[in-house]
>>> print(open('run_35.tsv').read())   # TSV, C-alpha atoms and all ligand atoms
chain	number	residue	atom	x	y	z
A	1	MET	CA	43.25	27.73	-4.39
A	2	ASP	CA	39.72	26.32	-4.56
A	3	GLN	CA	38.99	25.72	-8.27
A	4	ARG	CA	35.24	25.31	-7.77
A	5	PRO	CA	33.64	28.61	-8.71
A	6	LEU	CA	30.30	28.00	-6.99
A	7	SER	CA	31.54	27.00	-3.56
A	8	TYR	CA	34.15	29.78	-3.78
A	9	LYS	CA	31.48	32.42	-4.23
A	10	MET	CA	29.08	31.20	-1.53
A	11	ASN	CA	28.32	33.46	1.40
A	12	ASP	CA	26.07	32.86	4.40
A	13	SER	CA	22.97	34.37	2.88
A	14	SER	CA	23.22	32.47	-0.39
A	15	THR	CA	23.82	29.24	1.53
A	16	ALA	CA	20.71	29.86	3.62
A	17	LYS	CA	18.67	30.56	0.48
A	18	GLN	CA	20.04	27.49	-1.23
A	19	LYS	CA	19.10	25.28	1.67
A	20	ARG	CA	15.48	26.39	1.68
A	21	LEU	CA	13.11	23.45	1.31
A	22	SER	CA	9.77	23.73	-0.44
A	23	LYS	CA	6.89	23.97	2.06
A	24	ARG	CA	5.54	20.70	0.66
A	25	ALA	CA	8.79	18.87	1.31
A	26	GLU	CA	9.07	20.42	4.76
A	27	GLN	CA	5.58	19.37	5.77
A	28	LEU	CA	5.84	15.79	4.58
A	29	SER	CA	5.51	13.47	7.56
A	30	PRO	CA	7.99	10.62	7.99
A	31	PHE	CA	7.14	6.96	8.42
A	32	HIS	CA	7.81	6.16	12.07
A	33	VAL	CA	8.16	2.54	11.11
A	34	MET	CA	11.32	3.44	9.17
A	35	ASP	CA	12.92	4.64	12.42
A	36	ILE	CA	11.83	1.40	14.05
A	37	LEU	CA	13.28	-0.60	11.17
A	38	ALA	CA	16.58	1.31	11.42
A	39	ARG	CA	16.72	0.79	15.18
A	40	ALA	CA	15.87	-2.91	14.74
A	41	LYS	CA	18.76	-3.23	12.26
A	42	THR	CA	21.17	-1.54	14.67
A	43	LEU	CA	20.10	-3.87	17.50
A	44	SER	CA	20.50	-6.82	15.15
A	45	GLN	CA	24.03	-5.71	14.24
A	46	GLN	CA	24.77	-5.60	17.97
A	47	GLY	CA	23.89	-9.29	18.14
A	48	ARG	CA	20.30	-9.00	19.43
A	49	VAL	CA	17.64	-11.34	18.01
A	50	ILE	CA	14.93	-9.20	16.41
A	51	HIS	CA	11.44	-10.34	15.43
A	52	HIS	CA	10.25	-8.34	12.47
A	53	LEU	CA	6.51	-7.87	12.60
A	54	GLU	CA	6.72	-4.34	11.27
A	55	VAL	CA	7.57	-5.03	7.63
A	56	GLY	CA	4.75	-4.66	5.11
A	57	GLU	CA	6.15	-6.98	2.46
A	58	PRO	CA	6.07	-10.74	1.94
A	59	ASP	CA	9.05	-12.57	3.45
A	60	PHE	CA	9.03	-15.05	0.53
A	61	PRO	CA	11.53	-14.42	-2.25
A	62	THR	CA	10.04	-13.73	-5.67
A	63	ALA	CA	9.00	-17.05	-7.28
A	64	GLN	CA	11.89	-18.60	-9.21
A	65	CYS	CA	10.00	-18.72	-12.52
A	66	ILE	CA	9.45	-14.94	-12.33
A	67	ILE	CA	13.12	-14.32	-11.53
A	68	ASP	CA	14.13	-16.51	-14.49
A	69	ALA	CA	11.82	-14.56	-16.78
A	70	GLY	CA	13.45	-11.31	-15.61
A	71	ILE	CA	16.94	-12.71	-16.23
A	72	ASP	CA	15.91	-13.97	-19.69
A	73	ALA	CA	14.59	-10.52	-20.54
A	74	LEU	CA	17.91	-8.95	-19.60
A	75	LYS	CA	19.86	-11.56	-21.58
A	76	GLN	CA	17.68	-10.87	-24.61
A	77	GLY	CA	18.56	-7.19	-24.39
A	78	LYS	CA	15.16	-5.99	-23.14
A	79	THR	CA	16.79	-3.05	-21.51
A	80	HIS	CA	15.23	-0.11	-23.32
A	81	TYR	CA	12.24	2.06	-22.52
A	82	THR	CA	8.78	0.68	-23.19
A	83	PRO	CA	5.75	2.88	-23.99
A	84	ALA	CA	4.80	5.06	-21.00
A	85	LEU	CA	1.55	3.15	-20.53
A	86	GLY	CA	3.44	-0.15	-20.50
A	87	LEU	CA	4.11	-3.10	-22.80
A	88	PRO	CA	1.00	-3.82	-24.91
A	89	GLU	CA	1.39	-7.58	-24.23
A	90	LEU	CA	1.43	-6.99	-20.48
A	91	ARG	CA	-1.70	-4.82	-20.66
A	92	GLN	CA	-3.34	-7.63	-22.61
A	93	SER	CA	-2.14	-10.24	-20.08
A	94	ILE	CA	-3.70	-8.26	-17.24
A	95	ALA	CA	-6.96	-8.12	-19.20
A	96	ASP	CA	-6.70	-11.92	-19.62
A	97	TYR	CA	-6.05	-12.24	-15.87
A	98	TYR	CA	-9.30	-10.38	-15.07
A	99	LEU	CA	-11.12	-12.67	-17.48
A	100	ARG	CA	-9.65	-15.85	-15.96
A	101	LYS	CA	-10.02	-14.79	-12.34
A	102	PHE	CA	-13.23	-12.77	-12.31
A	103	SER	CA	-14.86	-13.53	-15.69
A	104	LEU	CA	-14.61	-9.82	-16.53
A	105	THR	CA	-13.83	-8.34	-19.92
A	106	ILE	CA	-11.65	-5.26	-19.53
A	107	ASP	CA	-10.41	-3.28	-22.52
A	108	PRO	CA	-6.57	-3.42	-22.33
A	109	GLN	CA	-6.50	0.22	-23.47
A	110	ARG	CA	-7.85	1.11	-20.02
A	111	ILE	CA	-5.03	-0.76	-18.26
A	112	ILE	CA	-1.99	1.31	-17.41
A	113	ILE	CA	1.27	-0.20	-16.19
A	114	THR	CA	2.94	1.82	-13.45
A	115	PRO	CA	6.02	1.81	-11.19
A	116	GLY	CA	4.25	0.01	-8.33
A	117	ALA	CA	0.87	0.92	-6.92
A	118	SER	CA	2.77	3.99	-5.67
A	119	GLY	CA	3.19	5.16	-9.27
A	120	ALA	CA	-0.48	4.48	-9.95
A	121	LEU	CA	-1.55	6.50	-6.90
A	122	GLN	CA	0.57	9.44	-8.07
A	123	LEU	CA	-0.89	9.29	-11.57
A	124	ALA	CA	-4.46	8.94	-10.34
A	125	LEU	CA	-4.22	11.86	-7.95
A	126	SER	CA	-2.30	13.97	-10.48
A	127	CYS	CA	-5.05	13.70	-13.06
A	128	LEU	CA	-7.90	14.21	-10.58
A	129	LEU	CA	-6.75	16.94	-8.19
A	130	ASP	CA	-5.92	20.60	-8.65
A	131	VAL	CA	-4.24	22.74	-6.02
A	132	GLY	CA	-6.79	23.33	-3.25
A	133	ASP	CA	-8.99	20.39	-4.21
A	134	ASN	CA	-9.45	17.62	-1.71
A	135	VAL	CA	-9.84	13.86	-1.54
A	136	LEU	CA	-11.64	11.82	1.13
A	137	LEU	CA	-9.53	9.20	2.93
A	138	THR	CA	-9.91	6.87	5.88
A	139	ASP	CA	-8.16	7.37	9.20
A	140	PRO	CA	-6.56	4.89	9.84
A	141	GLY	CA	-5.36	4.33	6.29
A	142	TYR	CA	-2.31	4.01	4.04
A	143	PRO	CA	-0.28	7.11	4.92
A	144	CYS	CA	1.29	7.77	1.50
A	145	ASN	CA	-2.08	8.73	0.01
A	146	ARG	CA	-2.23	11.75	2.26
A	147	ASN	CA	1.35	12.67	1.46
A	148	ILE	CA	1.02	12.28	-2.31
A	149	ALA	CA	-2.02	14.58	-2.29
A	150	GLN	CA	-0.05	17.06	-0.20
A	151	VAL	CA	2.91	17.05	-2.60
A	152	LEU	CA	0.42	17.89	-5.37
A	153	GLY	CA	-0.79	20.90	-3.37
A	154	ALA	CA	-4.14	19.24	-2.75
A	155	GLU	CA	-5.80	18.58	0.57
A	156	THR	CA	-7.07	15.48	2.27
A	157	LEU	CA	-10.15	15.07	4.40
A	158	SER	CA	-9.33	12.20	6.71
A	159	ILE	CA	-12.48	10.54	7.98
A	160	PRO	CA	-12.22	8.66	11.27
A	161	VAL	CA	-13.42	5.10	10.76
A	162	GLY	CA	-13.78	2.28	13.24
A	163	ALA	CA	-15.00	-1.24	13.74
A	164	GLN	CA	-18.66	-0.34	13.00
A	165	THR	CA	-17.80	0.22	9.32
A	166	GLN	CA	-15.00	-2.39	9.12
A	167	TYR	CA	-12.59	0.60	9.13
A	168	GLN	CA	-13.91	1.50	5.67
A	169	LEU	CA	-15.68	4.51	4.17
A	170	THR	CA	-19.43	4.21	3.68
A	171	ALA	CA	-21.84	6.01	1.36
A	172	ASP	CA	-23.19	7.92	4.39
A	173	LEU	CA	-19.73	9.10	5.41
A	174	VAL	CA	-19.05	10.23	1.86
A	175	ARG	CA	-22.34	12.17	1.76
A	176	GLU	CA	-21.57	13.78	5.12
A	177	HIS	CA	-18.01	14.88	4.34
A	178	TRP	CA	-18.13	15.75	0.63
A	179	ASN	CA	-17.77	19.48	-0.10
A	180	GLU	CA	-17.51	21.68	-3.17
A	181	ARG	CA	-13.73	21.10	-3.47
A	182	THR	CA	-13.92	17.31	-3.10
A	183	ARG	CA	-12.97	15.45	-6.27
A	184	ALA	CA	-12.46	11.88	-5.15
A	185	ALA	CA	-12.69	9.32	-2.36
A	186	MET	CA	-10.07	6.64	-1.74
A	187	VAL	CA	-10.46	3.22	-0.18
A	188	ALA	CA	-8.26	0.15	0.05
A	189	SER	CA	-9.83	-3.29	0.18
A	190	PRO	CA	-8.27	-5.27	1.83
A	191	SER	CA	-6.97	-2.34	3.82
A	192	ASN	CA	-3.60	-1.46	5.23
A	193	PRO	CA	-3.35	-1.37	8.30
A	194	THR	CA	-6.54	-3.22	9.24
A	195	GLY	CA	-6.72	-6.12	6.75
A	196	THR	CA	-10.48	-5.52	6.49
A	197	LEU	CA	-12.51	-5.60	3.28
A	198	LEU	CA	-15.33	-3.51	1.95
A	199	SER	CA	-18.37	-5.76	1.63
A	200	GLN	CA	-19.66	-5.96	-1.93
A	201	PRO	CA	-22.97	-4.19	-1.08
A	202	SER	CA	-21.03	-1.37	0.68
A	203	LEU	CA	-18.78	-0.97	-2.32
A	204	ILE	CA	-21.75	-0.71	-4.67
A	205	GLU	CA	-23.31	1.99	-2.48
A	206	LEU	CA	-20.01	3.81	-2.24
A	207	CYS	CA	-19.57	3.78	-6.05
A	208	GLN	CA	-23.10	5.11	-6.48
A	209	GLN	CA	-22.65	7.84	-3.90
A	210	VAL	CA	-19.34	9.10	-5.28
A	211	THR	CA	-20.74	9.05	-8.83
A	212	GLN	CA	-23.79	10.98	-7.65
A	213	GLN	CA	-21.47	13.62	-6.15
A	214	GLY	CA	-19.76	13.92	-9.54
A	215	GLY	CA	-16.44	12.58	-8.23
A	216	ARG	CA	-14.30	9.49	-8.68
A	217	LEU	CA	-13.82	6.54	-6.38
A	218	ILE	CA	-10.25	5.22	-6.20
A	219	VAL	CA	-10.14	1.62	-5.04
A	220	ASP	CA	-6.72	0.33	-4.05
A	221	GLU	CA	-6.76	-3.44	-4.59
A	222	ILE	CA	-3.06	-3.99	-3.93
A	223	TYR	CA	-3.83	-6.85	-1.51
A	224	GLN	CA	-6.14	-8.60	-3.95
A	225	GLY	CA	-5.34	-12.31	-4.02
A	226	LEU	CA	-4.46	-12.24	-0.31
A	227	VAL	CA	-8.02	-12.76	0.88
A	228	TYR	CA	-9.10	-15.43	3.36
A	229	ASP	CA	-12.52	-17.00	4.07
A	230	VAL	CA	-14.41	-14.63	1.76
A	231	GLU	CA	-14.78	-14.22	-1.98
A	232	ASP	CA	-12.03	-12.22	-3.67
A	233	TYR	CA	-13.54	-9.62	-5.97
A	234	THR	CA	-12.69	-6.44	-7.82
A	235	ALA	CA	-14.56	-3.13	-7.92
A	236	LEU	CA	-14.45	-3.48	-11.73
A	237	LYS	CA	-17.22	-6.02	-11.34
A	238	TYR	CA	-19.54	-3.19	-10.35
A	239	SER	CA	-18.28	-0.09	-12.09
A	240	ASP	CA	-16.21	1.13	-15.01
A	241	GLU	CA	-16.27	4.62	-13.53
A	242	CYS	CA	-13.80	4.10	-10.69
A	243	PHE	CA	-10.00	4.01	-10.68
A	244	VAL	CA	-8.81	0.55	-9.66
A	245	ILE	CA	-5.22	0.27	-8.49
A	246	ASN	CA	-3.22	-2.93	-8.20
A	247	SER	CA	0.38	-4.08	-7.93
A	248	PHE	CA	2.81	-6.92	-8.43
A	249	SER	CA	4.23	-6.21	-4.95
A	250	LYS	CA	2.14	-8.24	-2.54
A	251	TYR	CA	0.26	-11.29	-3.91
A	252	PHE	CA	2.86	-11.64	-6.69
A	253	GLY	CA	5.73	-11.12	-4.21
A	254	MET	CA	7.63	-8.61	-6.33
A	255	THR	CA	8.03	-5.54	-4.08
A	256	GLY	CA	11.52	-4.67	-5.31
A	257	TRP	CA	10.60	-4.97	-9.00
A	258	ARG	CA	8.53	-1.79	-8.68
A	259	LEU	CA	5.61	-2.68	-10.88
A	260	GLY	CA	1.88	-2.11	-10.60
A	261	TRP	CA	-1.11	-1.24	-12.71
A	262	MET	CA	-4.28	0.76	-12.77
A	263	VAL	CA	-7.58	0.42	-14.64
A	264	VAL	CA	-9.16	3.79	-15.39
A	265	PRO	CA	-12.20	5.12	-17.26
A	266	GLU	CA	-11.21	5.55	-20.92
A	267	PHE	CA	-11.60	9.34	-20.69
A	268	TYR	CA	-8.40	9.60	-18.55
A	269	VAL	CA	-6.04	7.39	-20.57
A	270	ASP	CA	-4.61	10.13	-22.76
A	271	ALA	CA	-3.99	12.50	-19.83
A	272	ILE	CA	-2.35	9.73	-17.81
A	273	ASP	CA	-0.16	8.85	-20.80
A	274	ARG	CA	1.09	12.45	-20.87
A	275	ILE	CA	1.68	12.60	-17.12
A	276	ALA	CA	3.45	9.21	-17.10
A	277	GLN	CA	5.67	10.23	-20.03
A	278	ASN	CA	6.80	13.26	-18.08
A	279	ILE	CA	7.09	11.84	-14.58
A	280	PHE	CA	8.35	8.26	-15.10
A	281	LEU	CA	8.98	7.91	-18.87
A	282	ALA	CA	8.09	4.24	-18.52
A	283	PRO	CA	7.72	1.47	-15.95
A	284	PRO	CA	10.79	-0.82	-15.54
A	285	THR	CA	11.23	-2.94	-18.66
A	286	MET	CA	12.77	-6.07	-17.14
A	287	SER	CA	10.01	-6.18	-14.50
A	288	GLN	CA	7.31	-5.95	-17.16
A	289	TYR	CA	8.68	-9.00	-18.96
A	290	ALA	CA	8.95	-10.89	-15.67
A	291	ALA	CA	5.35	-9.93	-14.87
A	292	LEU	CA	4.14	-11.76	-17.98
A	293	THR	CA	5.24	-14.96	-16.23
A	294	ALA	CA	3.81	-13.82	-12.88
A	295	LEU	CA	0.34	-13.65	-14.45
A	296	THR	CA	0.22	-17.19	-15.81
A	297	ALA	CA	-2.12	-19.84	-14.38
A	298	GLU	CA	0.92	-22.04	-13.48
A	299	THR	CA	2.55	-19.31	-11.40
A	300	GLN	CA	-0.76	-18.65	-9.70
A	301	ILE	CA	-0.65	-22.17	-8.21
A	302	GLU	CA	2.55	-21.31	-6.35
A	303	LEU	CA	1.29	-17.87	-5.34
A	304	ASP	CA	-1.93	-19.37	-3.97
A	305	GLN	CA	0.14	-21.71	-1.78
A	306	ARG	CA	1.82	-18.64	-0.33
A	307	ARG	CA	-1.58	-17.08	0.25
A	308	ASP	CA	-2.62	-20.22	2.16
A	309	GLU	CA	0.50	-19.87	4.29
A	310	PHE	CA	-0.47	-16.27	5.15
A	311	LYS	CA	-3.89	-17.53	6.22
A	312	THR	CA	-2.27	-20.15	8.49
A	313	ARG	CA	-0.20	-17.39	10.05
A	314	ARG	CA	-3.23	-15.19	10.60
A	315	ASP	CA	-5.09	-18.09	12.16
A	316	PHE	CA	-2.17	-18.58	14.55
A	317	LEU	CA	-1.47	-14.94	15.42
A	318	LEU	CA	-5.00	-13.60	15.82
A	319	PRO	CA	-6.09	-15.84	18.74
A	320	ALA	CA	-2.61	-15.66	20.27
A	321	LEU	CA	-2.84	-11.87	20.46
A	322	GLN	CA	-6.39	-12.00	21.77
A	323	GLN	CA	-5.26	-14.33	24.54
A	324	LEU	CA	-2.60	-11.84	25.54
A	325	GLY	CA	-5.30	-9.17	25.94
A	326	PHE	CA	-5.15	-7.29	22.63
A	327	LYS	CA	-8.56	-6.35	21.30
A	328	ILE	CA	-9.02	-7.06	17.61
A	329	GLU	CA	-12.30	-5.41	16.87
A	330	VAL	CA	-12.80	-6.73	13.33
A	331	LYS	CA	-11.42	-10.03	12.11
A	332	PRO	CA	-8.99	-9.21	9.30
A	333	GLN	CA	-9.87	-11.14	6.15
A	334	GLY	CA	-7.09	-10.05	3.87
A	335	ALA	CA	-3.59	-8.59	3.41
A	336	PHE	CA	-1.11	-9.67	6.13
A	337	TYR	CA	-1.92	-7.24	8.91
A	338	ILE	CA	-3.65	-7.26	12.26
A	339	TYR	CA	-4.59	-3.86	13.65
A	340	ALA	CA	-4.75	-4.46	17.37
A	341	ASN	CA	-6.05	-2.30	20.18
A	342	CYS	CA	-3.37	-2.27	22.89
A	343	GLU	CA	-5.26	-0.05	25.34
A	344	ALA	CA	-5.06	-2.75	27.98
A	345	PHE	CA	-1.31	-2.11	28.18
A	346	THR	CA	-0.76	1.52	27.27
A	347	ASP	CA	-2.32	4.80	26.24
A	348	ASN	CA	0.75	5.65	24.14
A	349	SER	CA	1.31	2.95	21.55
A	350	PHE	CA	4.27	4.81	19.99
A	351	ASP	CA	6.21	4.68	23.26
A	352	TRP	CA	5.06	1.15	23.96
A	353	VAL	CA	6.18	-0.13	20.56
A	354	ASN	CA	9.59	1.48	21.04
A	355	ARG	CA	10.00	-0.05	24.51
A	356	LEU	CA	8.91	-3.45	23.23
A	357	LEU	CA	11.66	-3.28	20.62
A	358	GLU	CA	14.34	-2.18	23.09
A	359	GLU	CA	13.40	-4.66	25.81
A	360	GLN	CA	12.25	-7.73	23.91
A	361	GLY	CA	13.43	-7.23	20.34
A	362	VAL	CA	9.95	-7.32	18.77
A	363	ALA	CA	9.34	-4.71	16.07
A	364	LEU	CA	5.77	-3.50	15.38
A	365	THR	CA	4.31	-0.42	13.67
A	366	PRO	CA	2.64	2.17	15.93
A	367	GLY	CA	-0.87	3.40	15.09
A	368	ILE	CA	0.43	6.94	14.52
A	369	ASP	CA	1.82	5.85	11.13
A	370	PHE	CA	-1.73	5.41	9.83
A	371	GLY	CA	-3.43	8.59	11.03
A	372	ASP	CA	-4.50	10.42	14.16
A	373	TYR	CA	-7.80	8.85	15.11
A	374	ARG	CA	-7.26	6.86	18.33
A	375	ALA	CA	-3.79	6.12	16.93
A	376	ASP	CA	-2.15	5.95	20.36
A	377	LYS	CA	-4.33	2.97	21.25
A	378	TYR	CA	-3.35	0.77	18.31
A	379	CYS	CA	-0.42	-0.98	16.72
A	380	ARG	CA	-0.09	-3.03	13.56
A	381	PHE	CA	1.27	-6.56	13.40
A	382	ALA	CA	2.49	-7.80	10.01
A	383	TYR	CA	2.52	-11.59	9.78
A	384	THR	CA	5.28	-11.61	7.21
A	385	GLN	CA	7.22	-14.20	9.24
A	386	SER	CA	6.89	-17.97	9.65
A	387	VAL	CA	4.56	-19.37	12.32
A	388	GLU	CA	7.65	-20.46	14.30
A	389	GLN	CA	8.98	-16.90	14.28
A	390	LEU	CA	5.55	-15.51	15.16
A	391	ALA	CA	5.35	-17.92	18.13
A	392	LEU	CA	8.70	-16.67	19.43
A	393	ALA	CA	7.54	-13.08	19.03
A	394	VAL	CA	4.31	-13.82	20.91
A	395	ASP	CA	6.34	-15.27	23.83
A	396	LYS	CA	8.45	-12.13	23.94
A	397	ILE	CA	5.39	-9.89	23.91
A	398	ALA	CA	3.89	-11.98	26.73
A	399	ALA	CA	7.07	-11.48	28.76
A	400	PHE	CA	6.98	-7.73	28.06
A	401	ILE	CA	3.37	-7.39	29.15
A	402	ARG	CA	4.06	-9.35	32.36
B	1	LIG	C1	-2.51	0.10	0.60
B	1	LIG	C2	-1.24	0.24	-0.14
B	1	LIG	N1	-1.24	0.87	-1.34
B	1	LIG	C3	-0.10	1.04	-2.04
B	1	LIG	C4	1.12	0.57	-1.58
B	1	LIG	C5	2.36	0.77	-2.42
B	1	LIG	O1	2.83	-0.44	-2.91
B	1	LIG	P1	3.79	-0.64	-4.18
B	1	LIG	O2	4.19	0.71	-4.65
B	1	LIG	O3	4.93	-1.47	-3.68
B	1	LIG	O4	3.00	-1.38	-5.21
B	1	LIG	C6	1.17	-0.11	-0.34
B	1	LIG	C7	2.45	-0.60	0.19
B	1	LIG	O5	2.56	-1.14	1.27
B	1	LIG	C8	-0.04	-0.28	0.39
B	1	LIG	O6	-0.07	-0.92	1.57
>>> encode(input="run_35.tsv", output="structure tokens")
Amino acid sequence: MDQRPLSYKMNDSSTAKQKRLSKRAEQLSPFHVMDILARAKTLSQQGRVIHHLEVGEPDFPTAQCIIDAGIDALKQGKTHYTPALGLPELRQSIADYYLRKFSLTIDPQRIIITPGASGALQLALSCLLDVGDNVLLTDPGYPCNRNIAQVLGAETLSIPVGAQTQYQLTADLVREHWNERTRAAMVASPSNPTGTLLSQPSLIELCQQVTQQGGRLIVDEIYQGLVYDVEDYTALKYSDECFVINSFSKYFGMTGWRLGWMVVPEFYVDAIDRIAQNIFLAPPTMSQYAALTALTAETQIELDQRRDEFKTRRDFLLPALQQLGFKIEVKPQGAFYIYANCEAFTDNSFDWVNRLLEEQGVALTPGIDFGDYRADKYCRFAYTQSVEQLALAVDKIAAFIR
């Protein structure tokens, strides 16, 4: 006899009720790139050579000195919770980092340590949006922003952006789209998927406009440090009123350590503390100790060499793609992405990307992962591979196009 009382008592109607998903979970859109990644892995297991230009994380392992610091922390028994807002010494080290890098004095009390930029985005939107409120976003843009807002029962107003505005929001666009339920506007500079930056004058205007509307600007600076040809800067240089999000994932090469941070106006710190206590309890302890080493001037030397390598890759891949007939409407100056118009080859980039993978073993991300606006004409290349690997991928793409 079945000893399990619950399964024993189940009938069809209770099973159906049990299996009901919340509307929010049901409506959440998947990442198409995950399907591509899974398919690429299957092909790889079948012995095919796959070129991974779809993955949005550095191919470099975490720097050895950071790994050692993480191991030391574990050996010293640093395995308990930290305060929800993070280790005080890490908050101070991030303040020191802003001082060293940008000559900015930031009160460490305003710095909140989070489980990745993802955790910071959840906290920021949780303390700004009520059910039915909305936030302005770019299309194309980082897809999780839309989904996090949706899980919170809030809405997003996706604003189509193109080459004319460097794929970024402008003060005019904010003025045009803001309505009585809008609470915030979000930008990423450098951006995913376009690698483009907000110019400093545009950012200043944007800050002013959002402030004038009585809302908050959220600036995602996760790709800070991975900036080429132009000056790296932070929105904190211009305003203490915005939410600035950052992470140890990209420049610091620590994606799997799940650690990020956010600088917020002082008014929000207490509320964010309460939300963080309830949602995450605390960011990962071992990672926080490792991050203390990640932030030192010595580690930065190694990380800057990696940044230079990304620039070399961009300088190889960009003209190579242009020669093949891709249109790259704005030169990417940061992150490790090229958002390329592939109209010359297809009017359905999703299909095209899938065929490219099947036929030539090159994995890309289709435009549809980043929004709706002209998405079927674009795909994203991530140069998270060596120049040699990129060259092989370019040859394969050339063969596919022919
Ligand atoms: C623009 C942007 N923001 C946030 C994230 C989340 O990063 P993490 O949670 O690893 O810090 C990503 C990841 O790719 C991203 O591209």
>>> residues_around(input="run_35.tsv", residues="Ala154 of chain A", least_positions_apart="6", cutoff="6 Å", atoms="all atoms listed in the file", output="list in words")
Val131, Gly132, Asp133 and Asn134 of chain A
>>> residues_near_point(input="run_35.tsv", point="(0.4, -5.0, -24.2)", cutoff="10 Å", atoms="all atoms listed in the file", output="ChimeraX atom specification")
/A:83,85-95,108-109,111-113,288,292
>>> atom_distance(input="run_35.tsv", atom1="atom CA of Leu357 of chain A", atom2="atom CA of Leu43 of chain A")
9.0 Å
>>> axis_aligned_box(input="run_35.tsv", around="ligand LIG 1 (chain B)", padding_each_side="3 Å", output="AutoDock Vina command-line options")
--center_x 1.2 --center_y -0.2 --center_z -1.8 --size_x 13.4 --size_y 8.5 --size_z 12.8
>>> residues_around(input="run_35.tsv", residues="Leu197 of chain A", least_positions_apart="3", cutoff="8 Å", atoms="all atoms listed in the file", output="list in words")
Gln166, Gln168, Ala188, Ser189, Pro190, Ser191, Pro332, Gln333 and Gly334 of chain A
>>> residues_around(input="run_35.tsv", residues="Arg355 of chain A", least_positions_apart="4", cutoff="12 Å", atoms="all atoms listed in the file", output="number ranges by chain")
A: 36, 39-40, 346, 348-351, 359-364, 366, 397, 400-401
>>> write_last_selection(input="run_35.tsv", atoms="C-alpha atoms", output="short mmCIF file (atom, residue, chain, number, x, y, z; two decimals), in the frame of the given file")
data_model
loop_
_atom_site.label_atom_id
_atom_site.label_comp_id
_atom_site.auth_asym_id
_atom_site.auth_seq_id
_atom_site.Cartn_x
_atom_site.Cartn_y
_atom_site.Cartn_z
CA ILE A 36 11.83 1.40 14.05
CA ARG A 39 16.72 0.79 15.18
CA ALA A 40 15.87 -2.91 14.74
CA THR A 346 -0.76 1.52 27.27
CA ASN A 348 0.75 5.65 24.14
CA SER A 349 1.31 2.95 21.55
CA PHE A 350 4.27 4.81 19.99
CA ASP A 351 6.21 4.68 23.26
CA GLU A 359 13.40 -4.66 25.81
CA GLN A 360 12.25 -7.73 23.91
CA GLY A 361 13.43 -7.23 20.34
CA VAL A 362 9.95 -7.32 18.77
CA ALA A 363 9.34 -4.71 16.07
CA LEU A 364 5.77 -3.50 15.38
CA PRO A 366 2.64 2.17 15.93
CA ILE A 397 5.39 -9.89 23.91
CA PHE A 400 6.98 -7.73 28.06
CA ILE A 401 3.37 -7.39 29.15
#
>>> residues_around(input="run_35.tsv", residues="Arg258 of chain A", least_positions_apart="5", cutoff="12 Å", atoms="all atoms listed in the file", output="list of chain:residue names")
A:Ile113, A:Thr114, A:Pro115, A:Gly116, A:Ala117, A:Ser118, A:Gly119, A:Ala120, A:Asn246, A:Ser247, A:Phe248, A:Ser249, A:Lys250, A:Phe252, A:Gly253, A:Phe280, A:Ala282, A:Pro283, A:Pro284, A:Thr285, A:Met286, A:Ser287, A:Gln288, A:Ala290, A:Ala291
>>> closest_residue(input="run_35.tsv", among="A:Asp172, A:Asp372, A:Glu54, A:Asp232", to="ligand LIG 1 (chain B)", atoms="all atoms listed in the file")
A:Glu54
>>> closest_residue(input="run_35.tsv", among="A:Gly153, A:Pro140, A:Pro61, A:Gly214", to="ligand LIG 1 (chain B)", atoms="all atoms listed in the file")
A:Pro140
>>> closest_residue(input="run_35.tsv", among="A:Gln64, A:Glu26, A:Trp261, A:Asp72", to="Glu302 of chain A", atoms="all atoms listed in the file")
A:Gln64
>>> closest_residue(input="run_35.tsv", among="A:Thr196, A:Thr156, A:Gln300, A:Ser22", to="ligand LIG 1 (chain B)", atoms="only C-alpha atoms and all ligand atoms")
A:Thr196
>>> residues_near_point(input="run_35.tsv", point="(-12.8, -3.2, 17.1)", cutoff="9 Å", atoms="only C-alpha atoms", output="compact mmCIF listing (two decimals) with C-alpha atoms, in the frame of the given file")
# COMPACT_ATOMS: atom_id res chain seq x y z
CA GLY A 162 -13.78 2.28 13.24
CA ALA A 163 -15.00 -1.24 13.74
CA GLN A 164 -18.66 -0.34 13.00
CA GLN A 166 -15.00 -2.39 9.12
CA TYR A 167 -12.59 0.60 9.13
CA LYS A 327 -8.56 -6.35 21.30
CA ILE A 328 -9.02 -7.06 17.61
CA GLU A 329 -12.30 -5.41 16.87
CA VAL A 330 -12.80 -6.73 13.33
CA LYS A 331 -11.42 -10.03 12.11
CA TYR A 339 -4.59 -3.86 13.65
CA ALA A 340 -4.75 -4.46 17.37
CA ASN A 341 -6.05 -2.30 20.18
>>> atom_distance(input="run_35.tsv", atom1="atom CA of Leu198 of chain A", atom2="atom CA of Val151 of chain A")
27.9 Å
>>> atom_distance(input="run_35.tsv", atom1="atom CA of Val353 of chain A", atom2="atom CA of Cys379 of chain A")
7.7 Å
>>> closest_residue(input="run_35.tsv", among="A:Asp273, A:Glu388, A:Asp59, A:Asp220", to="Met186 of chain A", atoms="all atoms listed in the file")
A:Asp220
>>> closest_residue(input="run_35.tsv", among="A:Leu128, A:Val161, A:Leu356, A:Leu281", to="Ala149 of chain A", atoms="only C-alpha atoms")
A:Leu128
>>> residues_around(input="run_35.tsv", residues="Val210 of chain A", least_positions_apart="5", cutoff="10 Å", atoms="only C-alpha atoms", output="number ranges by chain")
A: 171, 174-175, 178, 183-185, 205, 215-218, 241-242
